[in-house]
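Okay, final14.cif now, which holds mmCIF, C-alpha atoms and all ligand atoms:
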data_final
#
loop_
_atom_site.label_atom_id
_atom_site.label_comp_id
_atom_site.auth_asym_id
_atom_site.auth_seq_id
_atom_site.Cartn_x
_atom_site.Cartn_y
_atom_site.Cartn_z
CA MET L 1166 78.78 122.80 95.23
CA GLU L 1167 76.06 120.21 94.92
CA HIS L 1168 78.55 117.62 93.79
CA ALA L 1169 80.84 118.35 96.74
CA GLN L 1170 77.97 117.99 99.20
CA GLU L 1171 76.86 114.76 97.61
CA ILE L 1172 80.28 113.18 97.98
CA GLN L 1173 80.67 114.46 101.52
CA LEU L 1174 77.33 112.90 102.38
CA GLN L 1175 78.47 109.61 100.90
CA ILE L 1176 81.66 109.69 102.92
CA ARG L 1177 79.93 110.63 106.15
CA GLY L 1178 77.37 107.96 105.44
CA VAL L 1179 79.89 105.13 105.34
CA PRO L 1180 78.89 103.53 108.64
CA GLU L 1181 75.20 103.80 107.72
CA GLN L 1182 75.75 102.15 104.40
CA GLU L 1183 75.70 98.87 106.21
CA SER L 1184 72.19 99.57 107.32
CA ALA L 1185 70.72 101.76 104.63
CA HIS L 1186 69.64 100.36 101.34
CA LYS L 1187 71.47 101.61 98.28
CA ASP L 1188 69.65 102.16 95.03
CA ASP L 1189 72.53 100.90 92.95
CA SER L 1190 72.10 97.41 94.34
CA HIS L 1191 68.71 97.22 92.64
CA GLY L 1192 70.21 96.74 89.24
CA SER L 1193 70.67 93.32 87.81
CA ALA L 1194 74.24 93.93 86.67
CA PRO L 1195 76.75 91.81 88.58
CA LYS L 1196 77.81 93.68 91.67
CA SER L 1197 80.96 93.59 93.72
CA PRO L 1198 81.21 90.29 95.59
CA THR L 1199 81.62 92.24 98.76
CA ARG L 1200 79.86 95.46 97.91
CA ARG L 1201 78.64 96.32 101.41
CA LEU L 1202 82.02 95.61 102.85
CA ALA L 1203 83.56 97.67 100.11
CA VAL L 1204 82.21 100.82 101.71
CA ALA L 1205 82.22 99.69 105.31
CA SER L 1206 85.54 98.00 105.81
CA GLY L 1207 87.59 98.58 108.91
CA VAL L 1208 88.50 96.88 112.14
CA ARG L 1209 85.09 97.45 113.74
CA TRP L 1210 83.27 95.98 110.75
CA TRP L 1211 85.54 92.92 110.66
CA ALA L 1212 85.05 92.48 114.42
CA MET L 1213 81.25 92.45 113.96
CA VAL L 1214 81.56 89.95 111.10
CA ALA L 1215 83.82 87.79 113.31
CA VAL L 1216 81.20 87.82 116.10
CA ASP L 1217 78.49 86.75 113.62
CA MET L 1218 80.71 83.96 112.32
CA ILE L 1219 81.46 82.72 115.83
CA MET L 1220 77.72 82.71 116.63
CA LEU L 1221 76.94 80.77 113.47
CA LEU L 1222 79.74 78.24 113.90
CA SER L 1223 79.30 77.63 117.63
CA GLY L 1224 75.47 77.75 117.53
CA GLY L 1225 75.25 75.51 114.46
CA THR L 1226 77.76 72.99 115.83
CA VAL L 1227 76.02 72.78 119.22
CA ALA L 1228 72.58 72.50 117.56
CA THR L 1229 73.71 69.71 115.22
CA LEU L 1230 75.40 67.78 118.04
CA LEU L 1231 72.35 68.15 120.30
CA THR L 1232 70.10 66.91 117.47
CA ARG L 1233 72.33 63.85 117.16
CA LEU L 1234 72.21 63.42 120.94
CA TYR L 1235 68.40 63.55 120.74
CA TYR L 1236 68.35 60.77 118.13
CA ASN L 1237 71.05 58.83 120.02
CA SER L 1238 69.10 58.96 123.28
CA GLY L 1239 65.91 57.49 121.89
CA GLY L 1240 64.26 60.51 120.24
CA ASN L 1241 62.63 59.75 116.93
CA SER L 1242 60.17 62.53 116.10
CA LYS L 1243 61.04 64.26 112.84
CA TRP L 1244 58.48 67.01 113.44
CA MET L 1245 59.95 67.66 116.90
CA THR L 1246 63.42 68.07 115.34
CA THR L 1247 61.83 70.31 112.71
CA LEU L 1248 60.23 72.43 115.43
CA THR L 1249 63.48 72.84 117.36
CA GLN L 1250 65.07 74.51 114.32
CA SER L 1251 62.61 77.42 114.40
CA GLY L 1252 60.79 77.08 117.75
CA GLY L 1253 63.22 79.35 119.63
CA ALA L 1254 62.07 82.32 117.50
CA PRO L 1255 59.95 83.97 120.25
CA LEU L 1256 63.18 84.39 122.26
CA LEU L 1257 64.29 86.92 119.64
CA ALA L 1258 61.76 89.35 121.13
CA ILE L 1259 64.28 89.89 123.98
CA PRO L 1260 67.18 91.25 121.84
CA LEU L 1261 64.59 93.06 119.71
CA LEU L 1262 63.30 94.94 122.76
CA LEU L 1263 66.83 95.63 124.00
CA THR L 1264 68.13 96.99 120.66
CA PRO L 1265 67.62 100.78 120.37
CA PRO L 1266 65.70 101.70 117.18
CA SER L 1267 67.38 103.71 114.45
CA PRO L 1268 65.40 106.03 112.07
CA GLU L 1269 65.12 103.22 109.50
CA ASP L 1270 63.45 101.02 112.10
CA ARG L 1271 60.58 103.45 112.57
CA ARG L 1272 59.39 103.58 108.96
CA LEU L 1273 57.52 100.80 107.16
CA PRO L 1274 59.64 100.25 104.04
CA SER L 1275 56.96 98.34 102.09
CA PRO L 1276 53.22 97.75 102.51
CA ALA L 1277 52.48 95.53 105.51
CA THR L 1278 50.74 92.98 103.25
CA LYS L 1279 53.89 92.65 101.14
CA LEU L 1280 56.03 92.12 104.26
CA ALA L 1281 53.53 89.54 105.57
CA ALA L 1282 53.58 87.69 102.23
CA VAL L 1283 57.40 87.62 102.29
CA TYR L 1284 57.45 86.27 105.87
CA ALA L 1285 54.84 83.65 104.97
CA GLY L 1286 56.66 82.55 101.80
CA ILE L 1287 60.15 82.33 103.33
CA GLY L 1288 58.73 80.85 106.56
CA ALA L 1289 56.91 78.05 104.70
CA LEU L 1290 60.10 77.27 102.78
CA ILE L 1291 62.09 77.21 106.04
CA GLY L 1292 59.51 74.81 107.55
CA LEU L 1293 59.93 72.47 104.58
CA ASP L 1294 63.73 72.76 104.67
CA ASN L 1295 63.80 72.07 108.41
CA LEU L 1296 61.76 68.89 107.93
CA MET L 1297 64.06 67.66 105.16
CA TYR L 1298 67.12 68.59 107.29
CA ALA L 1299 65.67 66.64 110.22
CA TYR L 1300 65.31 63.52 108.04
CA ALA L 1301 68.78 64.08 106.55
CA LEU L 1302 70.42 64.27 110.00
CA GLN L 1303 68.80 61.01 111.02
CA TYR L 1304 69.03 59.05 107.77
CA LEU L 1305 72.68 59.66 106.89
CA PRO L 1306 75.89 59.10 108.85
CA VAL L 1307 77.91 62.26 109.65
CA SER L 1308 80.40 61.70 106.84
CA THR L 1309 77.85 61.22 104.05
CA PHE L 1310 75.71 64.02 105.40
CA SER L 1311 78.70 66.43 105.33
CA LEU L 1312 79.50 65.45 101.77
CA VAL L 1313 76.00 65.92 100.45
CA ALA L 1314 75.19 68.99 102.58
CA SER L 1315 78.24 70.84 101.26
CA SER L 1316 76.39 70.97 97.91
CA GLN L 1317 74.40 73.84 99.42
CA LEU L 1318 77.32 76.14 98.66
CA ALA L 1319 77.23 75.20 94.97
CA PHE L 1320 73.45 75.72 94.95
CA ASN L 1321 74.02 79.08 96.63
CA ALA L 1322 76.47 80.05 93.89
CA VAL L 1323 73.60 79.61 91.42
CA THR L 1324 70.87 81.34 93.49
CA SER L 1325 73.23 84.24 94.36
CA ARG L 1326 74.02 84.74 90.70
CA LEU L 1327 70.37 84.61 89.66
CA LEU L 1328 68.69 86.45 92.54
CA ASN L 1329 71.42 88.61 94.08
CA ALA L 1330 73.54 89.43 91.01
CA GLN L 1331 76.59 88.09 92.81
CA ARG L 1332 79.83 88.57 90.84
CA PHE L 1333 82.34 85.71 90.87
CA THR L 1334 86.05 86.35 91.11
CA PRO L 1335 88.75 83.64 90.96
CA LEU L 1336 89.16 83.91 94.77
CA ILE L 1337 85.45 83.34 95.40
CA ALA L 1338 85.26 80.47 92.91
CA ASN L 1339 88.35 78.97 94.62
CA SER L 1340 86.65 79.29 97.99
CA VAL L 1341 83.46 77.52 96.81
CA VAL L 1342 85.48 74.66 95.26
CA VAL L 1343 87.90 74.19 98.21
CA LEU L 1344 85.11 74.28 100.81
CA THR L 1345 83.17 71.68 98.83
CA PHE L 1346 86.31 69.51 98.54
CA ALA L 1347 86.93 69.82 102.29
CA ALA L 1348 83.59 68.18 103.02
CA THR L 1349 84.20 65.60 100.26
CA VAL L 1350 87.57 64.59 101.74
CA LEU L 1351 85.90 64.25 105.11
CA ALA L 1352 83.15 62.06 103.71
CA VAL L 1353 85.48 59.75 101.80
CA GLY L 1354 87.97 59.52 104.67
CA SER L 1355 85.55 58.88 107.47
CA SER L 1356 83.12 56.58 105.69
CA SER L 1357 84.69 53.61 107.40
CA ASP L 1358 85.72 55.07 110.73
CA GLY L 1359 82.52 54.23 112.57
CA SER L 1360 81.56 57.86 113.10
CA SER L 1361 78.70 58.68 115.42
CA SER L 1362 77.82 55.18 116.29
CA GLY L 1363 74.38 55.21 117.76
CA ASN L 1364 71.00 53.68 117.24
CA TYR L 1365 70.67 55.00 113.70
CA HIS L 1366 68.82 53.15 111.02
CA TYR L 1367 70.41 54.65 107.97
CA ASN L 1368 68.21 55.03 104.97
CA TYR L 1369 70.71 56.14 102.37
CA ALA L 1370 68.52 56.70 99.33
CA ALA L 1371 65.93 58.83 101.13
CA GLY L 1372 68.63 60.56 103.18
CA PHE L 1373 70.60 61.46 100.05
CA VAL L 1374 67.64 62.87 98.15
CA LEU L 1375 66.39 64.83 101.17
CA THR L 1376 69.84 66.28 101.92
CA VAL L 1377 70.22 67.48 98.32
CA ALA L 1378 66.70 68.96 98.37
CA ALA L 1379 67.35 70.64 101.75
CA SER L 1380 70.65 72.03 100.46
CA ALA L 1381 68.94 73.57 97.43
CA ALA L 1382 66.11 74.92 99.60
CA PHE L 1383 68.53 76.43 102.13
CA ALA L 1384 70.56 78.17 99.39
CA LEU L 1385 67.31 79.62 98.04
CA ILE L 1386 66.27 80.76 101.54
CA LEU L 1387 69.54 82.65 102.11
CA SER L 1388 69.32 84.33 98.70
CA LEU L 1389 65.68 85.25 99.38
CA TYR L 1390 66.71 86.79 102.72
CA GLU L 1391 69.30 88.89 100.90
CA LEU L 1392 66.72 89.95 98.31
CA THR L 1393 64.28 90.80 101.12
CA PHE L 1394 66.77 93.12 102.83
CA GLU L 1395 67.54 94.85 99.55
CA ARG L 1396 64.15 95.12 97.89
CA VAL L 1397 61.43 94.78 100.53
CA VAL L 1398 62.87 95.92 103.87
CA LYS L 1399 65.39 98.27 102.21
CA ALA L 1400 67.53 98.33 105.35
CA GLN L 1401 69.97 96.06 107.13
CA THR L 1402 69.69 97.37 110.69
CA PRO L 1403 70.07 94.93 113.63
CA ARG L 1404 66.37 95.33 114.44
CA TRP L 1405 65.23 94.56 110.89
CA VAL L 1406 67.47 91.50 110.82
CA LEU L 1407 65.87 90.27 114.07
CA ARG L 1408 62.34 91.08 112.87
CA VAL L 1409 62.77 89.24 109.57
CA GLN L 1410 64.30 86.23 111.33
CA MET L 1411 61.67 86.14 114.06
CA ASN L 1412 58.64 86.48 111.78
CA SER L 1413 59.83 83.97 109.18
CA ASN L 1414 60.77 81.46 111.90
CA LEU L 1415 57.38 81.90 113.61
CA VAL L 1416 55.74 80.88 110.33
CA ALA L 1417 58.13 77.91 110.09
CA SER L 1418 57.18 76.91 113.66
CA ALA L 1419 53.48 77.03 112.74
CA VAL L 1420 54.27 74.67 109.83
CA ALA L 1421 56.08 72.30 112.23
CA VAL L 1422 53.24 72.34 114.80
CA ALA L 1423 50.67 71.75 112.04
CA GLY L 1424 52.79 68.87 110.73
CA MET L 1425 53.08 67.35 114.19
CA PHE L 1426 49.31 67.35 114.63
CA ALA L 1427 48.49 66.32 111.04
CA SER L 1428 50.91 63.37 111.19
CA GLY L 1429 49.70 62.28 114.64
CA GLU L 1430 53.31 62.43 115.92
CA TRP L 1431 52.18 64.52 118.89
CA ARG L 1432 50.68 61.35 120.41
CA THR L 1433 54.14 59.76 120.64
CA VAL L 1434 55.78 62.70 122.45
CA SER L 1435 54.86 61.72 126.03
CA GLY L 1436 56.01 58.11 125.47
CA GLU L 1437 59.24 59.33 123.86
CA MET L 1438 59.84 61.67 126.80
CA ALA L 1439 59.36 58.88 129.33
CA ALA L 1440 61.64 56.47 127.46
CA PHE L 1441 64.35 59.10 126.77
CA ARG L 1442 67.80 58.14 128.08
CA GLY L 1443 68.39 60.35 131.12
CA GLY L 1444 64.71 61.07 131.72
CA THR L 1445 62.24 63.85 131.10
CA ALA L 1446 64.42 66.73 132.34
CA ARG L 1447 67.21 65.71 129.97
CA TYR L 1448 64.69 65.40 127.12
CA VAL L 1449 63.40 68.93 127.69
CA ALA L 1450 66.91 70.34 128.19
CA THR L 1451 68.16 68.70 124.97
CA LEU L 1452 65.31 70.11 122.89
CA ALA L 1453 65.37 73.56 124.53
CA GLY L 1454 69.15 73.74 124.11
CA THR L 1455 68.79 72.76 120.44
CA ALA L 1456 66.15 75.47 119.86
CA VAL L 1457 68.28 78.19 121.49
CA ALA L 1458 71.44 77.09 119.65
CA TRP L 1459 69.65 77.14 116.25
CA GLN L 1460 68.39 80.68 116.80
CA ALA L 1461 71.84 81.88 117.91
CA ALA L 1462 73.31 80.32 114.76
CA LEU L 1463 70.62 81.92 112.60
CA VAL L 1464 71.13 85.37 114.14
CA GLY L 1465 74.80 85.11 113.10
CA GLN L 1466 73.95 83.72 109.67
CA ILE L 1467 71.21 86.20 108.77
CA ARG L 1468 73.32 89.10 110.02
CA LEU L 1469 76.07 87.87 107.68
CA VAL L 1470 73.54 87.81 104.82
CA ALA L 1471 72.59 91.42 105.62
CA ARG L 1472 76.13 92.64 106.27
CA VAL L 1473 77.94 90.80 103.47
CA SER L 1474 76.03 88.35 101.24
CA SER L 1475 74.10 85.08 101.26
CA LEU L 1476 77.06 83.29 99.65
CA PHE L 1477 79.40 84.46 102.41
CA ALA L 1478 76.88 83.38 105.06
CA ASN L 1479 76.57 79.97 103.44
CA ALA L 1480 80.37 79.60 103.09
CA THR L 1481 80.69 80.22 106.84
CA GLY L 1482 77.96 77.65 107.51
CA VAL L 1483 79.80 75.07 105.40
CA VAL L 1484 82.97 75.57 107.49
CA GLN L 1485 80.87 74.06 110.28
CA LEU L 1486 80.55 70.70 108.47
CA PRO L 1487 84.10 69.48 109.27
CA LEU L 1488 83.79 70.99 112.78
CA VAL L 1489 80.93 68.68 113.78
CA PRO L 1490 82.91 65.43 113.31
CA LEU L 1491 85.81 66.92 115.30
CA PHE L 1492 83.54 67.65 118.26
CA ALA L 1493 81.93 64.22 117.82
CA VAL L 1494 85.39 62.79 118.59
CA VAL L 1495 85.18 64.29 122.08
CA LEU L 1496 81.46 63.94 122.73
CA PHE L 1497 80.45 60.70 121.01
CA GLY L 1498 83.83 58.94 121.11
CA ASP L 1499 84.28 58.96 117.31
CA ARG L 1500 87.77 58.14 116.08
CA MET L 1501 90.15 61.03 115.31
CA THR L 1502 91.73 60.69 111.89
CA GLY L 1503 94.25 62.66 109.87
CA ILE L 1504 91.57 63.14 107.22
CA LYS L 1505 89.43 65.10 109.65
CA VAL L 1506 92.31 67.45 110.38
CA VAL L 1507 93.01 67.85 106.63
CA ALA L 1508 89.32 68.62 106.02
CA MET L 1509 89.44 71.28 108.74
CA LEU L 1510 92.58 72.86 107.28
CA MET L 1511 91.10 72.87 103.76
CA SER L 1512 87.97 74.39 105.15
CA ALA L 1513 89.97 77.17 106.81
CA TRP L 1514 91.91 77.70 103.57
CA GLY L 1515 88.73 77.92 101.46
CA PHE L 1516 87.28 80.38 103.87
CA MET L 1517 90.41 82.52 103.97
CA SER L 1518 90.29 82.74 100.19
CA TYR L 1519 86.83 84.27 100.45
CA ALA L 1520 87.85 86.61 103.28
CA TYR L 1521 90.88 87.78 101.27
CA GLN L 1522 88.58 88.80 98.41
CA HIS L 1523 86.66 90.94 100.90
CA TYR L 1524 89.86 92.48 102.13
CA LEU L 1525 90.92 93.37 98.57
CA ASP L 1526 87.50 94.89 97.83
CA GLY L 1527 87.68 96.95 101.01
CA ARG L 1528 91.09 98.32 100.08
CA ARG L 1529 89.99 99.09 96.53
CA ALA L 1530 86.91 100.93 97.80
CA ALA L 1531 88.98 102.94 100.27
CA GLY L 1532 91.31 103.95 97.39
CA THR L 1533 88.32 104.99 95.25
CA ALA L 1534 86.86 107.03 98.12
CA ARG L 1535 90.20 108.80 98.59
CA ALA L 1536 90.38 109.58 94.84
CA GLN L 1537 86.80 110.90 94.90
CA CYS L 1538 87.74 113.02 97.90
CA SER L 1539 90.54 114.78 96.07
CA VAL L 1540 88.36 115.35 92.97
CA CYS L 1541 85.67 116.64 95.30
CA ALA L 1542 88.06 119.01 97.08
CA ALA L 1543 89.31 120.39 93.77
CA ARG L 1544 85.73 120.92 92.58
CA ALA L 1545 84.73 122.56 95.87
CA ALA L 1546 87.68 124.95 95.57
CA SER L 1547 86.81 125.85 91.99
CA ASP L 1548 83.11 126.30 92.98
CA ALA L 1549 84.22 128.64 95.77
CA VAL L 1550 86.36 130.69 93.36
CA SER L 1551 83.52 131.04 90.84
CA ASP L 1552 81.02 131.90 93.65
CA ALA L 1553 83.33 134.68 94.85
CA SER L 1554 83.89 136.18 91.39
N1 LIG L 1601 69.47 72.71 104.59
C1 LIG L 1601 69.96 73.36 105.65
N2 LIG L 1601 69.12 73.72 106.60
C2 LIG L 1601 69.62 74.40 107.64
N3 LIG L 1601 69.00 74.89 108.72
C3 LIG L 1601 69.94 75.51 109.47
N4 LIG L 1601 71.15 75.41 108.90
C4 LIG L 1601 70.96 74.71 107.76
C5 LIG L 1601 71.84 74.32 106.74
O1 LIG L 1601 73.05 74.57 106.78
N5 LIG L 1601 71.29 73.64 105.71
#

Representation of the structure as structure tokens:
Amino acid sequence: MEHAQEIQLQIRGVPEQESAHKDDSHGSAPKSPTRRLAVASGVRWWAMVAVDMIMLLSGGTVATLLTRLYYNSGGNSKWMTTLTQSGGAPLLAIPLLLTPPSPEDRRLPSPATKLAAVYAGIGALIGLDNLMYAYALQYLPVSTFSLVASSQLAFNAVTSRLLNAQRFTPLIANSVVVLTFAATVLAVGSSSDGSSSGNYHYNYAAGFVLTVAASAAFALILSLYELTFERVVKAQTPRWVLRVQMNSNLVASAVAVAGMFASGEWRTVSGEMAAFRGGTARYVATLAGTAVAWQAALVGQIRLVARVSSLFANATGVVQLPLVPLFAVVLFGDRMTGIKVVAMLMSAWGFMSYAYQHYLDGRRAAGTARAQCSVCAARAASDAVSDAS
């Protein structure tokens, strides 16, 4: 009977498996590329993943375009751009208060000191990454930036394998390669199309090195988030996702504020505000909008890490790279080229390859659950017969 109850619990627990930590994910053996999805597939699950993806893609695109607008309109403070990437974190207190707690939200999964150390470590890394990303966005033209930044997916392939025991299937490998190519095609094709003309002073060597370093750091951050949900928080509930994001981004904001004071950049802020094209109100609106858009994007991205995997979250983020130049056509008057459309299509193709792997895993898991069900029913019947005799 015990066996039958155990399987019934597992089946009933399917929706919770998204939120509850599973012991089997502790092992270092390669796990299913889509293991959480494997037990929680279904229309509702896909709809939630789609919402997260839309938040990441729209938030990330708006944030990147607003950062470019800030630089284009006379802004020049790297620490200010760094701060906008994490400074909207206190706003997360609103959804946190509005989200009803589940039982897993009420317990402290690890000692408070361990949680604090994790927030401090990831937060400091985010602060450093945000600074490098701020330099990268200013020092490289859109095309080169997209090319180099797409390397974060390859870095993520390594960190996911090492830290998250991610298994690679041909479909996932195909997705990583095609998404990287999509950004490469974009970079090669638009290097001479005068993209994002503005008052940039490109500094290629520094921009290149900083973009590569930021890409590696960001891949590590996403893998560390995944590890945190599995080993430290031991839950993937909406509230834990918000808490982890808010606390780590508050630490990153402290790093940015400290950097602004230590570098003396804070003295230039009032002058920059006064000289900003469109005036002070536009300056504040641009930075506030950037901060909100980054947090919206990160909510989507970290929820994808918790729901699926860091590699999936990064793959979705990379889809955004060809999106930015397309929007720049409308907003900054960049030229539209066939290459940009091809990059978009390749990007969609690479992503669909990844999504198809998830679909296959979901179907396989459903088949396994059905098989276990019939074994379980047979065992329950035989237990009942032996109990009666
Ligand atoms: N390096 C890096 N930093 C980020 N911060 C927010 N998104 C990103 C990203 O895609 N890459």

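As for CA of Met1438 (chain L) and CA of Met1297 (chain L), they are spaced 22.8 Å apart.
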
Q: Could you please determine the separation between CA of Pro1335 (chain L) and CA of Ile1219 (chain L) in Å, to one decimal place?
A: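 Distance reported for this atom pair: 25.9 Å.
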
**Q.** Closest of L:Ile1291, L:Val1420, L:Ala1254, L:Leu1273 to ligand LIG 1601 (chain L) - atom-to-atom distances counting all atoms listed in the file
**A.** L:Ile1291

Q) At most 7 Å from (53.3, 66.9, 117.0), file frame, only C-alpha atoms: which residues, as number ranges by chain? A) L: 1244-1245, 1422, 1424-1426, 1429-1431

File dump, residues just selected, C-alpha atoms, as a tab-separated table (two decimals), keeping the file's coordinate frame:
chain	number	residue	atom	x	y	z
L	1244	TRP	CA	58.48	67.01	113.44
L	1245	MET	CA	59.95	67.66	116.90
L	1422	VAL	CA	53.24	72.34	114.80
L	1424	GLY	CA	52.79	68.87	110.73
L	1425	MET	CA	53.08	67.35	114.19
L	1426	PHE	CA	49.31	67.35	114.63
L	1429	GLY	CA	49.70	62.28	114.64
L	1430	GLU	CA	53.31	62.43	115.92
L	1431	TRP	CA	52.18	64.52	118.89

Q: Find the spatial neighbours of region 1476-1484 of chain L, counting all atoms listed in the file, within a cut-off of 8 Å - ignore same-chain residues fewer than 4 positions away - and output them as a PyMOL selection string.
A: chain L and resi 1218+1221-1222+1225+1315+1317-1318+1321-1322+1325+1341+1344+1384+1387-1388+1466-1467+1469-1470+1488+1509+1512-1513+1516+1519

Deliver the residues from the most recent selection as a file, using C-alpha atoms, as a PDB file, in the coordinates of the input.
ATOM      1  CA  MET L1218      80.710  83.960 112.320  1.00  0.00           C
ATOM      2  CA  LEU L1221      76.940  80.770 113.470  1.00  0.00           C
ATOM      3  CA  LEU L1222      79.740  78.240 113.900  1.00  0.00           C
ATOM      4  CA  GLY L1225      75.250  75.510 114.460  1.00  0.00           C
ATOM      5  CA  SER L1315      78.240  70.840 101.260  1.00  0.00           C
ATOM      6  CA  GLN L1317      74.400  73.840  99.420  1.00  0.00           C
ATOM      7  CA  LEU L1318      77.320  76.140  98.660  1.00  0.00           C
ATOM      8  CA  ASN L1321      74.020  79.080  96.630  1.00  0.00           C
ATOM      9  CA  ALA L1322      76.470  80.050  93.890  1.00  0.00           C
ATOM     10  CA  SER L1325      73.230  84.240  94.360  1.00  0.00           C
ATOM     11  CA  VAL L1341      83.460  77.520  96.810  1.00  0.00           C
ATOM     12  CA  LEU L1344      85.110  74.280 100.810  1.00  0.00           C
ATOM     13  CA  ALA L1384      70.560  78.170  99.390  1.00  0.00           C
ATOM     14  CA  LEU L1387      69.540  82.650 102.110  1.00  0.00           C
ATOM     15  CA  SER L1388      69.320  84.330  98.700  1.00  0.00           C
ATOM     16  CA  GLN L1466      73.950  83.720 109.670  1.00  0.00           C
ATOM     17  CA  ILE L1467      71.210  86.200 108.770  1.00  0.00           C
ATOM     18  CA  LEU L1469      76.070  87.870 107.680  1.00  0.00           C
ATOM     19  CA  VAL L1470      73.540  87.810 104.820  1.00  0.00           C
ATOM     20  CA  LEU L1488      83.790  70.990 112.780  1.00  0.00           C
ATOM     21  CA  MET L1509      89.440  71.280 108.740  1.00  0.00           C
ATOM     22  CA  SER L1512      87.970  74.390 105.150  1.00  0.00           C
ATOM     23  CA  ALA L1513      89.970  77.170 106.810  1.00  0.00           C
ATOM     24  CA  PHE L1516      87.280  80.380 103.870  1.00  0.00           C
ATOM     25  CA  TYR L1519      86.830  84.270 100.450  1.00  0.00           C
TER      26      TYR L1519
END

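Taking only C-alpha atoms and all ligand atoms into account, the protein and nucleic acid residues that come at most 6 Å from ligand LIG 1601 (chain L) are Asp1294, Asn1295, Tyr1298, Ala1379, Ser1380, Phe1383 and Gly1482 of chain L.
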
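Here CA of Ala1462 (chain L) is placed at a distance of 5.4 Å from CA of Met1220 (chain L).
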